[in-house]
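Q: Questions regarding the structure given below will be posed in turn.
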Amino acid sequence: MTLVFHWFLPTNGDSRHVVGGGHGSPATSSGRDRPPTVAYLSQIARAAEDLGFAGALTPTGAWCEDAWLTTAMVSQHTERLKFLVAFRPGFVSPTLAAQMASTFQRQSGGRLLLNVVTGGESHEQRAYGDFLDKDDRYRRTGEFLRIVRELWEGKTVDLDGEHLRVEDARLSRLPDPVPEVYFGGSSPAAGEVAAQYADVYLTWGEPPAQVAEKIAWIRELAARHGRTLRFGIRLHVITRDTSAQAWDEAGRLLDGFDAETVRAVQEGLARSESEGQRRMLALHGGGRDGLEIHPNLWAGIGLVRGGAGTALVGSHDEVAERIEEYHALGIDEFVLSGYPHLEEAYWFGEGVLPRLAARGLWTRPGEKRAEPAAGVPFAS
């Protein structure tokens, strides 16, 4: 199958510098450089659509705008682009969420994808009125997705679960198509939910060996339930005509991280309950040295940003090669971002995607897949 690429809508604000925050940390002041207005986000979405991205992820949390409302507005300024809406199942009833998704599909022309985020930070969850601990949140997510999926199948649902209870729940209008569910998580509880209910398992950008271990783990869990999943990876990207130019840009971003901001963000992230966040922190250890943790994989973003903290950095050829390396492990979908998101979408879309197309790895959405030219290396 052709690789699928998604971009990112920075509903926390955008900048020529890294906008920090996430996982319980507020967005840094750089997020005010380009406020996340519908006009600006629509500009990014239209660029992503024109360049050949299939969809765009929106984050969830107190540090950003609401993903459902924002994407509903931005969808009216685009034609094809899908929206990978991150949402937390503990904040809304499963029947209402299933109805919201169905409405979104009809009003957008079937352009909704769902990124289910259980929530790794208890203190942030409590601010929204959710007082369950982490393992209970994952068990509730499993019940939530069971209800939602059965409703989307047209069933009448009665469930008296550990955390959720519905009686005679049904939808008057079903979503067409049914939204695909994207789900990530590195803990044992997360793996079980993904194996039973996800269509696409997402991992943050760890080195290939660690990603391979995760894929094998989830595949085995899914097989026990008689299911197969697709796999995706969440990364930032800095791609330029030459490797030197790309690393110069990474250095410029790193120079913008003042010591106090790094200290404060790392102190906050160290309290995270998320296993995925713990793995991200281990990649850089809070320091500025040794940040290239695999060829062209840079952990610098994670010094000031929670969640996805690594970037592919290099020439267009090098970035394309790293994508092919991840694809060889089983990764078929790439959720990418870069600072600023408008300009970086063009760098990737005009620099890397044509190289992947020449190798037969990517086809622009809506076009017939081309066969790779025999013996064609990545162009220089």
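Going through the structure tokens in order, the chains are called A, B, and so on, while each chain numbers its residues from 1 and the ligands are numbered from 1 in the order shown.
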Could you list, as a VMD selection string, every residue within 7 Å of A:Ile238, counting only C-alpha atoms and ignoring same-chain residues fewer than 4 positions away?
A: chain A and resid 246 311 to 314 338
Q: Using the selection just defined, write its residues with N, CA, C and O atoms as an mmCIF file, in the first residue's frame.
A:
data_model
loop_
_atom_site.group_PDB
_atom_site.id
_atom_site.type_symbol
_atom_site.label_atom_id
_atom_site.label_comp_id
_atom_site.auth_asym_id
_atom_site.auth_seq_id
_atom_site.Cartn_x
_atom_site.Cartn_y
_atom_site.Cartn_z
ATOM 1 N N ALA A 246 19.683 21.753 6.995
ATOM 2 C CA ALA A 246 18.709 21.219 7.942
ATOM 3 C C ALA A 246 19.247 21.254 9.369
ATOM 4 O O ALA A 246 18.540 21.651 10.305
ATOM 5 N N ALA A 311 12.496 14.710 15.919
ATOM 6 C CA ALA A 311 12.340 15.220 14.556
ATOM 7 C C ALA A 311 13.278 14.493 13.611
ATOM 8 O O ALA A 311 14.409 14.152 13.976
ATOM 9 N N LEU A 312 12.808 14.263 12.402
ATOM 10 C CA LEU A 312 13.684 13.834 11.321
ATOM 11 C C LEU A 312 14.382 15.076 10.780
ATOM 12 O O LEU A 312 13.720 16.036 10.382
ATOM 13 N N VAL A 313 15.707 15.055 10.772
ATOM 14 C CA VAL A 313 16.494 16.214 10.348
ATOM 15 C C VAL A 313 17.482 15.772 9.275
ATOM 16 O O VAL A 313 18.246 14.821 9.477
ATOM 17 N N GLY A 314 17.483 16.457 8.143
ATOM 18 C CA GLY A 314 18.451 16.128 7.107
ATOM 19 C C GLY A 314 18.041 16.664 5.758
ATOM 20 O O GLY A 314 17.072 17.421 5.625
ATOM 21 N N GLY A 338 6.155 20.670 11.863
ATOM 22 C CA GLY A 338 7.404 21.421 11.830
ATOM 23 C C GLY A 338 7.139 22.884 12.083
ATOM 24 O O GLY A 338 6.010 23.361 11.916
#
Q: Hey, what does DSSP flag as strand (DSSP E) within stretch 280-380 of chain A? Can you give it to me as a list in words?
A: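 The strand (DSSP E) subset of stretch 280-380 of chain A is Glu292, Ile293, His294, Leu297, Trp298, Ala311, Leu312, Val313, Gly314, Ser315, Glu333, Phe334, Val335, Leu336 and Ser337 of chain A.
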Q: Using the selection just defined, write its residues with N, CA and C atoms as a short mmCIF file (atom, residue, chain, number, x, y, z; two decimals), in the first residue's frame.
A:
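Result file again_10.cif:
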data_model
loop_
_atom_site.label_atom_id
_atom_site.label_comp_id
_atom_site.auth_asym_id
_atom_site.auth_seq_id
_atom_site.Cartn_x
_atom_site.Cartn_y
_atom_site.Cartn_z
N GLU A 292 21.28 13.69 18.56
CA GLU A 292 21.03 12.86 17.39
C GLU A 292 21.11 11.40 17.85
N ILE A 293 19.96 10.82 18.13
CA ILE A 293 19.90 9.53 18.80
C ILE A 293 19.87 8.36 17.81
N HIS A 294 19.75 8.65 16.55
CA HIS A 294 19.83 7.70 15.44
C HIS A 294 20.10 8.58 14.23
N LEU A 297 17.71 11.43 13.34
CA LEU A 297 16.63 11.49 14.33
C LEU A 297 17.10 12.30 15.52
N TRP A 298 16.48 13.46 15.72
CA TRP A 298 16.94 14.47 16.68
C TRP A 298 15.92 14.60 17.81
N ALA A 311 12.50 14.71 15.92
CA ALA A 311 12.34 15.22 14.56
C ALA A 311 13.28 14.49 13.61
N LEU A 312 12.81 14.26 12.40
CA LEU A 312 13.68 13.83 11.32
C LEU A 312 14.38 15.08 10.78
N VAL A 313 15.71 15.05 10.77
CA VAL A 313 16.49 16.21 10.35
C VAL A 313 17.48 15.77 9.28
N GLY A 314 17.48 16.46 8.14
CA GLY A 314 18.45 16.13 7.11
C GLY A 314 18.04 16.66 5.76
N SER A 315 18.79 16.28 4.75
CA SER A 315 18.43 16.63 3.39
C SER A 315 17.16 15.89 3.01
N GLU A 333 1.84 4.90 8.10
CA GLU A 333 1.30 6.26 8.20
C GLU A 333 2.25 7.13 9.02
N PHE A 334 2.45 8.36 8.57
CA PHE A 334 3.36 9.30 9.20
C PHE A 334 2.58 10.57 9.53
N VAL A 335 2.58 10.94 10.81
CA VAL A 335 1.93 12.16 11.26
C VAL A 335 3.04 13.15 11.60
N LEU A 336 3.18 14.17 10.78
CA LEU A 336 4.34 15.05 10.81
C LEU A 336 3.97 16.48 11.18
N SER A 337 4.98 17.24 11.60
CA SER A 337 4.80 18.66 11.89
C SER A 337 6.15 19.34 11.83
#
Q: One decimal, Å: what's the distance from atom CA of A:Ala67 over to atom CA of A:Val85, could you say?
A: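 Distance reported for this atom pair: 5.9 Å.
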Q: Please report, as a VMD selection string, each residue of stretch 57-110 of chain A to which DSSP assigns alpha helix (DSSP H) when run on this structure's backbone.
A: chain A and resid 67 to 75 94 to 108
Q: Set the distance at 10 Å and use only C-alpha atoms: which residues neighbour A:His225 once local chain neighbours fewer than 2 positions away are removed? I'd like the list as a list in words.
A: Glu192, Ala195, Gln196, Tyr197, Glu220, Leu221, Ala222, Ala223, Arg227 and Thr228 of chain A
Q: Atoms to include: N, CA, C and O atoms. Write the selected residues as a JSON list (two decimals), in the first residue's frame.
A:
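Full text of again_37.json as output:
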[["chain", "number", "residue", "atom", "x", "y", "z"],
["A", 192, "GLU", "N", -3.57, -3.28, 25.44],
["A", 192, "GLU", "CA", -4.78, -4.10, 25.38],
["A", 192, "GLU", "C", -5.92, -3.36, 24.69],
["A", 192, "GLU", "O", -6.67, -3.94, 23.90],
["A", 195, "ALA", "N", -5.16, -3.16, 20.91],
["A", 195, "ALA", "CA", -5.30, -4.45, 20.25],
["A", 195, "ALA", "C", -6.75, -4.78, 19.95],
["A", 195, "ALA", "O", -7.07, -5.40, 18.93],
["A", 196, "GLN", "N", -7.66, -4.34, 20.82],
["A", 196, "GLN", "CA", -9.07, -4.70, 20.66],
["A", 196, "GLN", "C", -9.87, -3.71, 19.82],
["A", 196, "GLN", "O", -10.83, -4.11, 19.14],
["A", 197, "TYR", "N", -9.47, -2.43, 19.83],
["A", 197, "TYR", "CA", -10.37, -1.43, 19.27],
["A", 197, "TYR", "C", -9.77, -0.48, 18.24],
["A", 197, "TYR", "O", -10.50, 0.22, 17.55],
["A", 220, "GLU", "N", 1.24, -8.93, 18.31],
["A", 220, "GLU", "CA", 0.96, -10.14, 19.07],
["A", 220, "GLU", "C", -0.33, -10.00, 19.88],
["A", 220, "GLU", "O", -1.16, -10.92, 19.92],
["A", 221, "LEU", "N", -0.51, -8.84, 20.52],
["A", 221, "LEU", "CA", -1.72, -8.62, 21.30],
["A", 221, "LEU", "C", -2.95, -8.64, 20.40],
["A", 221, "LEU", "O", -3.98, -9.25, 20.74],
["A", 222, "ALA", "N", -2.86, -7.99, 19.24],
["A", 222, "ALA", "CA", -4.01, -7.94, 18.32],
["A", 222, "ALA", "C", -4.35, -9.33, 17.80],
["A", 222, "ALA", "O", -5.53, -9.69, 17.65],
["A", 223, "ALA", "N", -3.32, -10.13, 17.53],
["A", 223, "ALA", "CA", -3.54, -11.48, 17.00],
["A", 223, "ALA", "C", -4.34, -12.33, 17.99],
["A", 223, "ALA", "O", -5.14, -13.18, 17.59],
["A", 227, "ARG", "N", -7.34, -9.91, 15.34],
["A", 227, "ARG", "CA", -7.35, -8.64, 14.62],
["A", 227, "ARG", "C", -5.97, -8.32, 14.07],
["A", 227, "ARG", "O", -4.95, -8.81, 14.56],
["A", 228, "THR", "N", -5.94, -7.48, 13.04],
["A", 228, "THR", "CA", -4.71, -6.90, 12.52],
["A", 228, "THR", "C", -4.86, -5.39, 12.50],
["A", 228, "THR", "O", -5.96, -4.87, 12.24]]
Q: Quick one: residues within 10 Å of A:Thr2, only C-alpha atoms, excluding same-chain residues fewer than 3 positions away - as a short mmCIF file (atom, residue, chain, number, x, y, z; two decimals) with N, CA, C and O atoms, in the first residue's frame?
A:
data_model
loop_
_atom_site.label_atom_id
_atom_site.label_comp_id
_atom_site.auth_asym_id
_atom_site.auth_seq_id
_atom_site.Cartn_x
_atom_site.Cartn_y
_atom_site.Cartn_z
N PHE A 5 0.50 10.24 4.59
CA PHE A 5 1.12 11.32 5.35
C PHE A 5 0.06 12.29 5.84
O PHE A 5 -0.82 12.73 5.09
N ASP A 332 3.16 2.49 8.12
CA ASP A 332 2.53 2.90 6.87
C ASP A 332 2.01 4.34 6.90
O ASP A 332 1.73 4.92 5.86
N GLU A 333 1.84 4.90 8.10
CA GLU A 333 1.30 6.26 8.20
C GLU A 333 2.25 7.13 9.02
O GLU A 333 2.80 6.68 10.05
N LEU A 356 9.75 10.14 -2.59
CA LEU A 356 9.05 8.91 -2.22
C LEU A 356 8.17 8.43 -3.36
O LEU A 356 8.03 7.22 -3.58
N ALA A 357 7.58 9.37 -4.10
CA ALA A 357 6.76 8.98 -5.26
C ALA A 357 7.62 8.30 -6.32
O ALA A 357 7.20 7.31 -6.93
N GLY A 360 8.03 4.76 -5.74
CA GLY A 360 6.80 3.97 -5.69
C GLY A 360 6.25 3.79 -4.30
O GLY A 360 5.39 2.92 -4.07
N LEU A 361 6.69 4.61 -3.33
CA LEU A 361 6.26 4.49 -1.95
C LEU A 361 5.08 5.38 -1.61
O LEU A 361 4.41 5.16 -0.59
N TRP A 362 4.84 6.39 -2.44
CA TRP A 362 3.77 7.35 -2.12
C TRP A 362 3.07 7.77 -3.40
O TRP A 362 3.72 7.95 -4.44
N THR A 363 1.76 7.91 -3.30
CA THR A 363 0.95 8.42 -4.39
C THR A 363 0.07 9.53 -3.85
O THR A 363 -0.53 9.38 -2.77
N ARG A 364 -0.01 10.61 -4.57
CA ARG A 364 -0.89 11.71 -4.16
C ARG A 364 -2.32 11.19 -4.03
O ARG A 364 -2.80 10.46 -4.89
N PRO A 365 -3.02 11.52 -2.94
CA PRO A 365 -4.39 11.04 -2.76
C PRO A 365 -5.24 11.33 -3.99
O PRO A 365 -5.24 12.42 -4.54
N ARG A 369 -1.55 4.72 -8.22
CA ARG A 369 -0.18 4.47 -7.75
C ARG A 369 0.74 4.16 -8.93
O ARG A 369 0.41 3.35 -9.80
N ALA A 370 1.89 4.82 -8.93
CA ALA A 370 2.88 4.59 -9.98
C ALA A 370 3.85 3.49 -9.55
O ALA A 370 4.16 3.34 -8.37
#
Q: Considering only C-alpha atoms, give me a table of residues in stretch 12-77 of chain A that are at most 8 Å from stretch 247-267 of chain A, with the closest atom pair and distance in Å for each, as JSON lines.
A:
{"residue": "A:His17", "atom": "CA", "partner": "A:Leu253", "partner_atom": "CA", "distance": 5.9}
{"residue": "A:Val18", "atom": "CA", "partner": "A:Leu253", "partner_atom": "CA", "distance": 6.7}
{"residue": "A:Gly21", "atom": "CA", "partner": "A:Val265", "partner_atom": "CA", "distance": 7.5}
{"residue": "A:Ser25", "atom": "CA", "partner": "A:Val265", "partner_atom": "CA", "distance": 6.8}
Q: Keeping only N, CA, C and O atoms, take the residues you just selected and write them out as a PDB file, in the first residue's frame.
A:
ATOM      1  N   HIS A  17       9.793  29.519  16.144  1.00  0.00           N
ATOM      2  CA  HIS A  17      10.468  28.804  17.224  1.00  0.00           C
ATOM      3  C   HIS A  17       9.553  27.674  17.677  1.00  0.00           C
ATOM      4  O   HIS A  17       8.365  27.639  17.342  1.00  0.00           O
ATOM      5  N   VAL A  18      10.076  26.739  18.455  1.00  0.00           N
ATOM      6  CA  VAL A  18       9.271  25.625  18.943  1.00  0.00           C
ATOM      7  C   VAL A  18       8.270  26.136  19.973  1.00  0.00           C
ATOM      8  O   VAL A  18       8.636  26.841  20.910  1.00  0.00           O
ATOM      9  N   GLY A  21       4.991  22.967  25.492  1.00  0.00           N
ATOM     10  CA  GLY A  21       3.755  22.699  26.203  1.00  0.00           C
ATOM     11  C   GLY A  21       3.309  21.266  26.010  1.00  0.00           C
ATOM     12  O   GLY A  21       4.004  20.447  25.424  1.00  0.00           O
ATOM     13  N   SER A  25       1.739  20.725  30.632  1.00  0.00           N
ATOM     14  CA  SER A  25       2.509  21.968  30.605  1.00  0.00           C
ATOM     15  C   SER A  25       1.822  22.976  29.697  1.00  0.00           C
ATOM     16  O   SER A  25       1.339  22.614  28.617  1.00  0.00           O
TER      17      SER A  25
END
Q: I'd like the neighbourhood of stretch 170-187 of chain A as a PyMOL selection string, where a residue qualifies if any of its atoms comes within 8 Å (using only C-alpha atoms), though same-chain residues fewer than 5 positions away should be ignored.
A: chain A and resi 95+98-99+101-103+105-106+110+112-117+151-157+194+197-203+214+274-276
Q: From the list A:Arg46, A:His23, A:Lys134, A:Arg359, which residue is nearest A:Ala308 when using only C-alpha atoms?
A: A:His23
Q: Excluding stretch 10-15 of chain A and its own-chain neighbours fewer than 4 positions away, which residues fall within 10 Å of it when counting only C-alpha atoms? Please give them as an NGL selection string.
A: :A and (19-22 or 26-38 or 40-41 or 44 or 56-67 or 70-71 or 337-342)
Q: Which one of A:His6, A:His163, A:Glu150, A:Ala282 sits closest to A:Leu132 if you count only C-alpha atoms?
A: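 The shortest atom-to-atom distance to A:Leu132 comes from A:His163.
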Q: May I ask which of the residues A:Leu353, A:Val148, A:Val304, A:Val211 is the closest one to A:Glu325, counting only C-alpha atoms?
A: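 Ranked by minimum distance to A:Glu325, first place goes to A:Val211.
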Q: Would you list the contacts of A:Ser93 as a ChimeraX atom specification, taking every protein, DNA or RNA residue within 12 Å and counting only C-alpha atoms, but skipping same-chain residues closer than 3 positions in sequence?
A: /A:87-90,96-100,140-141,143-145,147-148,163-166,169
Q: For the residues selected in the previous step, produce a file with N, CA, C and O atoms as a PDB file, in the first residue's frame.
A:
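Below is the file that was written, out_15.pdb:
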ATOM      1  N   PHE A  87      -9.256  13.400  20.942  1.00  0.00           N
ATOM      2  CA  PHE A  87     -10.240  13.670  21.986  1.00  0.00           C
ATOM      3  C   PHE A  87     -10.084  12.672  23.118  1.00  0.00           C
ATOM      4  O   PHE A  87      -9.530  11.581  22.937  1.00  0.00           O
ATOM      5  N   ARG A  88     -10.569  13.054  24.282  1.00  0.00           N
ATOM      6  CA  ARG A  88     -10.435  12.231  25.482  1.00  0.00           C
ATOM      7  C   ARG A  88     -11.785  11.632  25.837  1.00  0.00           C
ATOM      8  O   ARG A  88     -12.752  12.354  26.102  1.00  0.00           O
ATOM      9  N   PRO A  89     -11.890  10.322  25.852  1.00  0.00           N
ATOM     10  CA  PRO A  89     -13.196   9.688  26.025  1.00  0.00           C
ATOM     11  C   PRO A  89     -13.818   9.893  27.393  1.00  0.00           C
ATOM     12  O   PRO A  89     -15.020   9.681  27.550  1.00  0.00           O
ATOM     13  N   GLY A  90     -13.059  10.317  28.387  1.00  0.00           N
ATOM     14  CA  GLY A  90     -13.634  10.511  29.715  1.00  0.00           C
ATOM     15  C   GLY A  90     -14.415  11.792  29.868  1.00  0.00           C
ATOM     16  O   GLY A  90     -15.052  12.013  30.897  1.00  0.00           O
ATOM     17  N   LEU A  96     -22.999  10.289  22.907  1.00  0.00           N
ATOM     18  CA  LEU A  96     -22.868  11.619  22.313  1.00  0.00           C
ATOM     19  C   LEU A  96     -21.669  11.673  21.383  1.00  0.00           C
ATOM     20  O   LEU A  96     -21.739  12.263  20.294  1.00  0.00           O
ATOM     21  N   ALA A  97     -20.541  11.063  21.772  1.00  0.00           N
ATOM     22  CA  ALA A  97     -19.354  11.064  20.909  1.00  0.00           C
ATOM     23  C   ALA A  97     -19.637  10.358  19.590  1.00  0.00           C
ATOM     24  O   ALA A  97     -19.222  10.811  18.524  1.00  0.00           O
ATOM     25  N   ALA A  98     -20.351   9.232  19.646  1.00  0.00           N
ATOM     26  CA  ALA A  98     -20.702   8.516  18.419  1.00  0.00           C
ATOM     27  C   ALA A  98     -21.600   9.376  17.541  1.00  0.00           C
ATOM     28  O   ALA A  98     -21.461   9.389  16.305  1.00  0.00           O
ATOM     29  N   GLN A  99     -22.522  10.113  18.160  1.00  0.00           N
ATOM     30  CA  GLN A  99     -23.404  11.005  17.412  1.00  0.00           C
ATOM     31  C   GLN A  99     -22.619  12.175  16.810  1.00  0.00           C
ATOM     32  O   GLN A  99     -22.847  12.561  15.658  1.00  0.00           O
ATOM     33  N   MET A 100     -21.695  12.754  17.577  1.00  0.00           N
ATOM     34  CA  MET A 100     -20.868  13.847  17.071  1.00  0.00           C
ATOM     35  C   MET A 100     -20.065  13.402  15.852  1.00  0.00           C
ATOM     36  O   MET A 100     -19.968  14.129  14.852  1.00  0.00           O
ATOM     37  N   ARG A 140     -11.841   2.329  31.209  1.00  0.00           N
ATOM     38  CA  ARG A 140     -13.000   3.103  30.755  1.00  0.00           C
ATOM     39  C   ARG A 140     -12.929   3.348  29.249  1.00  0.00           C
ATOM     40  O   ARG A 140     -13.952   3.285  28.554  1.00  0.00           O
ATOM     41  N   THR A 141     -11.729   3.629  28.738  1.00  0.00           N
ATOM     42  CA  THR A 141     -11.577   3.838  27.293  1.00  0.00           C
ATOM     43  C   THR A 141     -12.005   2.606  26.519  1.00  0.00           C
ATOM     44  O   THR A 141     -12.651   2.705  25.468  1.00  0.00           O
ATOM     45  N   GLU A 143     -14.253   0.366  27.433  1.00  0.00           N
ATOM     46  CA  GLU A 143     -15.715   0.330  27.454  1.00  0.00           C
ATOM     47  C   GLU A 143     -16.295   1.373  26.501  1.00  0.00           C
ATOM     48  O   GLU A 143     -17.272   1.105  25.780  1.00  0.00           O
ATOM     49  N   PHE A 144     -15.697   2.545  26.499  1.00  0.00           N
ATOM     50  CA  PHE A 144     -16.152   3.643  25.640  1.00  0.00           C
ATOM     51  C   PHE A 144     -16.094   3.234  24.168  1.00  0.00           C
ATOM     52  O   PHE A 144     -17.069   3.389  23.422  1.00  0.00           O
ATOM     53  N   LEU A 145     -14.963   2.675  23.751  1.00  0.00           N
ATOM     54  CA  LEU A 145     -14.802   2.312  22.345  1.00  0.00           C
ATOM     55  C   LEU A 145     -15.696   1.135  21.971  1.00  0.00           C
ATOM     56  O   LEU A 145     -16.180   1.049  20.832  1.00  0.00           O
ATOM     57  N   ILE A 147     -18.704   0.631  23.142  1.00  0.00           N
ATOM     58  CA  ILE A 147     -20.033   1.226  22.935  1.00  0.00           C
ATOM     59  C   ILE A 147     -20.089   1.973  21.610  1.00  0.00           C
ATOM     60  O   ILE A 147     -21.017   1.790  20.807  1.00  0.00           O
ATOM     61  N   VAL A 148     -19.090   2.818  21.373  1.00  0.00           N
ATOM     62  CA  VAL A 148     -19.087   3.639  20.164  1.00  0.00           C
ATOM     63  C   VAL A 148     -19.073   2.765  18.916  1.00  0.00           C
ATOM     64  O   VAL A 148     -19.831   3.004  17.959  1.00  0.00           O
ATOM     65  N   HIS A 163     -17.163   1.269  34.464  1.00  0.00           N
ATOM     66  CA  HIS A 163     -17.108   2.730  34.508  1.00  0.00           C
ATOM     67  C   HIS A 163     -18.213   3.414  33.715  1.00  0.00           C
ATOM     68  O   HIS A 163     -18.515   4.571  33.979  1.00  0.00           O
ATOM     69  N   LEU A 164     -18.796   2.734  32.740  1.00  0.00           N
ATOM     70  CA  LEU A 164     -19.800   3.349  31.884  1.00  0.00           C
ATOM     71  C   LEU A 164     -21.068   2.506  31.875  1.00  0.00           C
ATOM     72  O   LEU A 164     -21.014   1.270  31.918  1.00  0.00           O
ATOM     73  N   ARG A 165     -22.193   3.198  31.794  1.00  0.00           N
ATOM     74  CA  ARG A 165     -23.473   2.509  31.730  1.00  0.00           C
ATOM     75  C   ARG A 165     -24.374   3.220  30.722  1.00  0.00           C
ATOM     76  O   ARG A 165     -24.555   4.440  30.801  1.00  0.00           O
ATOM     77  N   VAL A 166     -24.886   2.473  29.764  1.00  0.00           N
ATOM     78  CA  VAL A 166     -25.865   3.013  28.815  1.00  0.00           C
ATOM     79  C   VAL A 166     -26.997   2.011  28.683  1.00  0.00           C
ATOM     80  O   VAL A 166     -26.794   0.798  28.813  1.00  0.00           O
ATOM     81  N   ALA A 169     -29.186   2.482  23.978  1.00  0.00           N
ATOM     82  CA  ALA A 169     -28.467   3.502  23.197  1.00  0.00           C
ATOM     83  C   ALA A 169     -28.445   3.110  21.728  1.00  0.00           C
ATOM     84  O   ALA A 169     -28.154   1.958  21.385  1.00  0.00           O
TER      85      ALA A 169
END
